[in-house]
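For reference, the structure discussed in these notes is given below.
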Amino acid sequence: MVGAGPAGLAFARVLHRHGHPVTVLERDSGPEARPPGGTLDLHEGLGQLALDKAGLLARFQTLARPEGQAMRILDAAGTVLRDWRPRPEDRANPEIDRGHLRDLLLGPLDVRWGRGVTEVLPDTGDGTLVRFADGRQETFDLVVGADGAWSRVRPAVSPVTPHYTGVTFVETSLDDVDTRHPGLARLVGDGSMAVYGVNRGLVAQRNSGGHVKVYAQFRAPVDRHAGLDRADAEAVRSVLLSLFDGWAAPVLDLLRHGTAFVRRPLHALPVSHTWTHVRGVTLLGDAAHLMPPLGAGANLAMLDGAELAESVAGCHGALDETVRAFEERMWARAARWASVTTAGLERLVSPDPAEALALFDQVQPS
Ligand SMILES: Cc1cc2nc3c(=O)[nH]c(=O)nc-3n(C[C@H](O)[C@H](O)[C@H](O)COP(=O)(O)OP(=O)(O)OC[C@H]3O[C@@H](n4cnc5c(N)ncnc54)[C@H](O)[C@@H]3O)c2cc1C
């Protein structure tokens, strides 16, 4: 298994539950090597199903934030257009901090940290060969590439690389909002708040412990705002404030009080990315089907991992046929979600902000 993200850890944890050893190779030097990222909503039939297969659903429910499903939509003038709150018993898509999810999945797993993979060569006679950044190499019966958007395993099965979607996010965050920025805490509420304008959006999401992640979203050529990579937070802030010029002051306060800024141009694989099956290698999660971040990627990644692990655990020696059959199922499911999220991104960050509202009304339970 290459990669200790949601896909890789779900795969390893379900195999572990079935009593099978699995080696997890991860490039990061340890679980805390990077900030874990924002909150994730785990859907009942996807991420939660994967946790159930791992025997972790009850633990998840103690960590999850059902109130985090709340969603408020404003226009650029600050008028609240929608203010949806879940009922107390609503458990369809509760939120969990990524760090909490990672720790839940990690549990007893043995991850080899600091093992960046550089290349995978299938069918060397002895099994699949994995080369590491430190010069070492090792062979395995099956290499599962769950190493994300810029997978180093993918070239062993597919020449395709992700393309830019036309939309860039710049991420920032605020800490201790309830005490340091009570007005913004009320604006964001218990879950997410989104403001949509012409080819622009600003989304704020509450994580646990009063931490709020903010995503400034806009359409632009991929290199137009390369300057936003600068370490100088004040320079980035000022570019963003000019991009969102004229928006309501409380909304812009999310950018005024944000700390570090990270530019994330959104990339995606083609909607129906498949490959000719290669013995001894497969892909899961973003490595297989990177798509716009509209709440599905981690869910699909986890379910991919859990389902492949269950299939492998019960395959009684027919490993290659099992992997081949799993790929067909994964491709069909991923293609459906990739087409939904691709169309969704077009409507959320679009020339007509009414499209974003219409999308919300279409998907949100009333
Ligand atoms: C801003 C944003 C918000 C999102 N919000 C949501 C959401 O609310 N809900 C949702 O379901 N999805 C969401 N997503 C999508 C989600 O983050 C991804 O789909 C998910 O993380 C994919 O999981 P993965 O395990 O396939 O890959 P990753 O999470 O990318 O994990 C890959 C792992 O592989 C490791 N790795 C990479 N290269 C190598 C290498 N060469 N050798 C060894 N290890 C390597 C990485 O360090 C990492 O640990 C969001 C994405 C973004 C960008």
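Letters for chains follow the order of the structure tokens (A, B, ...), residue numbers begin at 1 for each chain, and ligand numbers begin at 1 in the order shown.
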
Self-check item: Residue contacts of A:Ala260 (9 Å, only C-alpha atoms) excluding same-chain residues fewer than 3 positions away, as a PyMOL selection string
Solution: chain A and resi 171-173+231-233

Apply DSSP to the structure's backbone, then extract all residues of stretch 2-178 of chain A labelled alpha helix (DSSP H) and return them as an mmCIF file with C-alpha atoms, in the first residue's frame.
data_model
loop_
_atom_site.group_PDB
_atom_site.id
_atom_site.type_symbol
_atom_site.label_atom_id
_atom_site.label_comp_id
_atom_site.auth_asym_id
_atom_site.auth_seq_id
_atom_site.Cartn_x
_atom_site.Cartn_y
_atom_site.Cartn_z
ATOM 1 C CA PRO A 6 -8.066 8.096 3.670
ATOM 2 C CA ALA A 7 -7.887 5.468 0.875
ATOM 3 C CA GLY A 8 -4.692 3.773 2.030
ATOM 4 C CA LEU A 9 -5.593 3.733 5.713
ATOM 5 C CA ALA A 10 -9.120 2.406 5.071
ATOM 6 C CA PHE A 11 -7.635 -0.377 2.928
ATOM 7 C CA ALA A 12 -5.015 -1.276 5.520
ATOM 8 C CA ARG A 13 -7.417 -1.084 8.454
ATOM 9 C CA VAL A 14 -10.015 -3.391 6.878
ATOM 10 C CA LEU A 15 -7.338 -5.911 5.869
ATOM 11 C CA HIS A 16 -5.957 -5.723 9.410
ATOM 12 C CA ARG A 17 -9.462 -6.430 10.761
ATOM 13 C CA GLY A 47 -17.251 7.073 4.078
ATOM 14 C CA GLN A 48 -19.438 5.832 6.948
ATOM 15 C CA LEU A 49 -19.920 2.504 5.177
ATOM 16 C CA ALA A 50 -16.135 2.180 4.893
ATOM 17 C CA LEU A 51 -15.761 2.860 8.617
ATOM 18 C CA ASP A 52 -18.398 0.229 9.323
ATOM 19 C CA LYS A 53 -16.391 -2.299 7.304
ATOM 20 C CA LEU A 57 -18.406 3.374 12.949
ATOM 21 C CA ALA A 58 -19.280 3.608 16.651
ATOM 22 C CA ARG A 59 -15.977 5.364 17.427
ATOM 23 C CA PHE A 60 -16.562 7.721 14.496
ATOM 24 C CA GLN A 61 -19.962 8.674 15.900
ATOM 25 C CA THR A 62 -18.350 9.778 19.161
ATOM 26 C CA LEU A 63 -15.870 11.992 17.270
ATOM 27 C CA ARG A 98 -9.178 15.096 9.102
ATOM 28 C CA GLY A 99 -6.660 14.660 11.911
ATOM 29 C CA HIS A 100 -9.249 12.827 14.023
ATOM 30 C CA LEU A 101 -10.172 10.597 11.096
ATOM 31 C CA ARG A 102 -6.518 9.803 10.375
ATOM 32 C CA ASP A 103 -5.869 8.871 14.025
ATOM 33 C CA LEU A 104 -9.039 6.747 14.112
ATOM 34 C CA LEU A 105 -7.950 4.804 11.015
ATOM 35 C CA LEU A 106 -4.291 4.572 12.034
ATOM 36 C CA VAL A 177 -13.017 32.125 16.630
ATOM 37 C CA ASP A 178 -15.511 31.961 19.478
#

Quiz prompt | Contacts with ligand 1 at most 6 Å, only C-alpha atoms and all ligand atoms counted, listed as a PyMOL selection string | solution = chain A and resi 2-8+25-28+40-41+115-118+146-149+151-152+285-287+293+295-299+301

Write out the residues from the selection above, keeping N, CA and C atoms, as a short mmCIF file (atom, residue, chain, number, x, y, z; two decimals), in the first residue's frame.
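Final output, saved to again_34.cif:
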data_model
loop_
_atom_site.label_atom_id
_atom_site.label_comp_id
_atom_site.auth_asym_id
_atom_site.auth_seq_id
_atom_site.Cartn_x
_atom_site.Cartn_y
_atom_site.Cartn_z
N VAL A 2 0.69 2.12 -0.98
CA VAL A 2 1.48 3.36 -1.04
C VAL A 2 0.54 4.51 -0.70
N GLY A 3 0.80 5.20 0.42
CA GLY A 3 0.00 6.35 0.82
C GLY A 3 -0.86 6.06 2.04
N ALA A 4 -0.70 6.93 3.06
CA ALA A 4 -1.49 6.78 4.30
C ALA A 4 -2.52 7.89 4.40
N GLY A 5 -3.23 8.13 3.29
CA GLY A 5 -4.38 9.04 3.30
C GLY A 5 -5.64 8.23 3.59
N PRO A 6 -6.82 8.82 3.38
CA PRO A 6 -8.07 8.10 3.67
C PRO A 6 -8.18 6.76 2.92
N ALA A 7 -7.76 6.71 1.65
CA ALA A 7 -7.89 5.47 0.87
C ALA A 7 -6.95 4.39 1.43
N GLY A 8 -5.69 4.75 1.60
CA GLY A 8 -4.69 3.77 2.03
C GLY A 8 -4.97 3.26 3.43
N LEU A 25 3.33 2.26 3.00
CA LEU A 25 4.52 3.07 2.71
C LEU A 25 4.08 4.51 2.54
N GLU A 26 4.56 5.42 3.37
CA GLU A 26 4.10 6.81 3.34
C GLU A 26 5.29 7.75 3.25
N ARG A 27 5.17 8.72 2.36
CA ARG A 27 6.24 9.71 2.13
C ARG A 27 6.46 10.64 3.33
N ASP A 28 5.37 11.06 3.98
CA ASP A 28 5.51 11.97 5.13
C ASP A 28 6.37 11.32 6.21
N LEU A 40 -14.08 17.07 7.04
CA LEU A 40 -14.66 16.22 5.99
C LEU A 40 -16.05 15.78 6.43
N ASP A 41 -17.01 15.81 5.50
CA ASP A 41 -18.30 15.22 5.85
C ASP A 41 -18.32 13.81 5.29
N ARG A 115 8.86 6.92 3.67
CA ARG A 115 9.21 6.01 2.57
C ARG A 115 8.55 6.50 1.28
N GLY A 116 9.07 7.59 0.72
CA GLY A 116 8.53 8.12 -0.53
C GLY A 116 8.84 7.19 -1.69
N VAL A 117 7.81 6.85 -2.45
CA VAL A 117 7.98 5.98 -3.61
C VAL A 117 8.27 6.85 -4.83
N THR A 118 9.21 6.44 -5.65
CA THR A 118 9.51 7.23 -6.85
C THR A 118 9.02 6.54 -8.12
N ALA A 146 -2.32 4.46 -3.43
CA ALA A 146 -3.29 5.38 -2.84
C ALA A 146 -2.53 6.64 -2.49
N ASP A 147 -1.70 7.09 -3.44
CA ASP A 147 -0.78 8.19 -3.17
C ASP A 147 -1.26 9.50 -3.79
N GLY A 148 -2.57 9.64 -3.91
CA GLY A 148 -3.15 10.95 -4.16
C GLY A 148 -3.01 11.48 -5.58
N ALA A 149 -3.30 12.79 -5.70
CA ALA A 149 -3.43 13.46 -7.00
C ALA A 149 -2.22 13.26 -7.90
N SER A 151 0.09 10.94 -7.98
CA SER A 151 0.54 9.57 -7.73
C SER A 151 1.80 9.19 -8.52
N ARG A 152 2.73 8.57 -7.83
CA ARG A 152 3.91 8.01 -8.50
C ARG A 152 3.67 6.57 -8.91
N GLY A 285 -8.73 5.85 -4.74
CA GLY A 285 -8.89 7.24 -4.31
C GLY A 285 -8.46 8.23 -5.38
N ASP A 286 -7.89 9.35 -4.92
CA ASP A 286 -7.51 10.42 -5.86
C ASP A 286 -6.53 9.94 -6.92
N ALA A 287 -5.69 8.98 -6.60
CA ALA A 287 -4.74 8.47 -7.60
C ALA A 287 -5.49 7.90 -8.79
N PRO A 293 -13.32 19.11 -5.46
CA PRO A 293 -13.62 18.83 -4.05
C PRO A 293 -15.01 19.30 -3.65
N GLY A 295 -17.10 17.37 -1.73
CA GLY A 295 -17.60 16.49 -0.66
C GLY A 295 -17.63 15.01 -0.97
N ALA A 296 -16.97 14.57 -2.06
CA ALA A 296 -17.03 13.14 -2.38
C ALA A 296 -15.68 12.44 -2.30
N GLY A 297 -14.58 13.15 -2.59
CA GLY A 297 -13.28 12.50 -2.80
C GLY A 297 -12.82 11.59 -1.67
N ALA A 298 -12.86 12.09 -0.44
CA ALA A 298 -12.38 11.27 0.68
C ALA A 298 -13.34 10.12 0.94
N ASN A 299 -14.63 10.40 0.74
CA ASN A 299 -15.64 9.34 0.92
C ASN A 299 -15.41 8.19 -0.04
N ALA A 301 -12.63 7.56 -1.65
CA ALA A 301 -11.32 6.98 -1.38
C ALA A 301 -11.42 5.92 -0.29
#

Quiz item: Where in stretch 138-341 of chain A does DSSP assign strand (DSSP E), given as a PyMOL selection string?
Solution: chain A and resi 138-140+143-145+163-174+192-197+200-206+212-219+262-268+281-283

Self-check item: Shell around A:Pro159 at 12 Å using only C-alpha atoms, local window under 6 positions removed, as a count of residues only
Solution: 10

Exercise. Could you tell me which of A:Pro155, A:Gly227, A:Gly38, A:Pro182 comes closest to A:Pro250 if we count only C-alpha atoms?
Key: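 Among the listed residues, the smallest separation from A:Pro250 belongs to A:Pro182.
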
Please identify every residue of stretch 187-250 of chain A that has at least one atom no farther than 12 Å from an atom of stretch 342-356 of chain A, counting only C-alpha atoms, and for each give the shortest atom pair and the distance in Å to one decimal, arranged by chain then increasing number, as CSV.
residue,atom,partner,partner_atom,distance
A:Ala194,CA,A:Ala356,CA,9.7
A:Val195,CA,A:Pro353,CA,9.0
A:Tyr196,CA,A:Pro353,CA,5.5
A:Gly197,CA,A:Pro353,CA,5.2
A:Val198,CA,A:Pro351,CA,4.7
A:Asn199,CA,A:Ser350,CA,4.6
A:Arg200,CA,A:Val349,CA,5.5
A:Gly201,CA,A:Val349,CA,6.2
A:Leu202,CA,A:Val349,CA,9.7
A:Val203,CA,A:Leu348,CA,10.8
A:Ala216,CA,A:Val349,CA,10.6
A:Gln217,CA,A:Val349,CA,7.3
A:Phe218,CA,A:Val349,CA,6.6
A:Arg219,CA,A:Val349,CA,7.0
A:Ala220,CA,A:Val349,CA,10.8
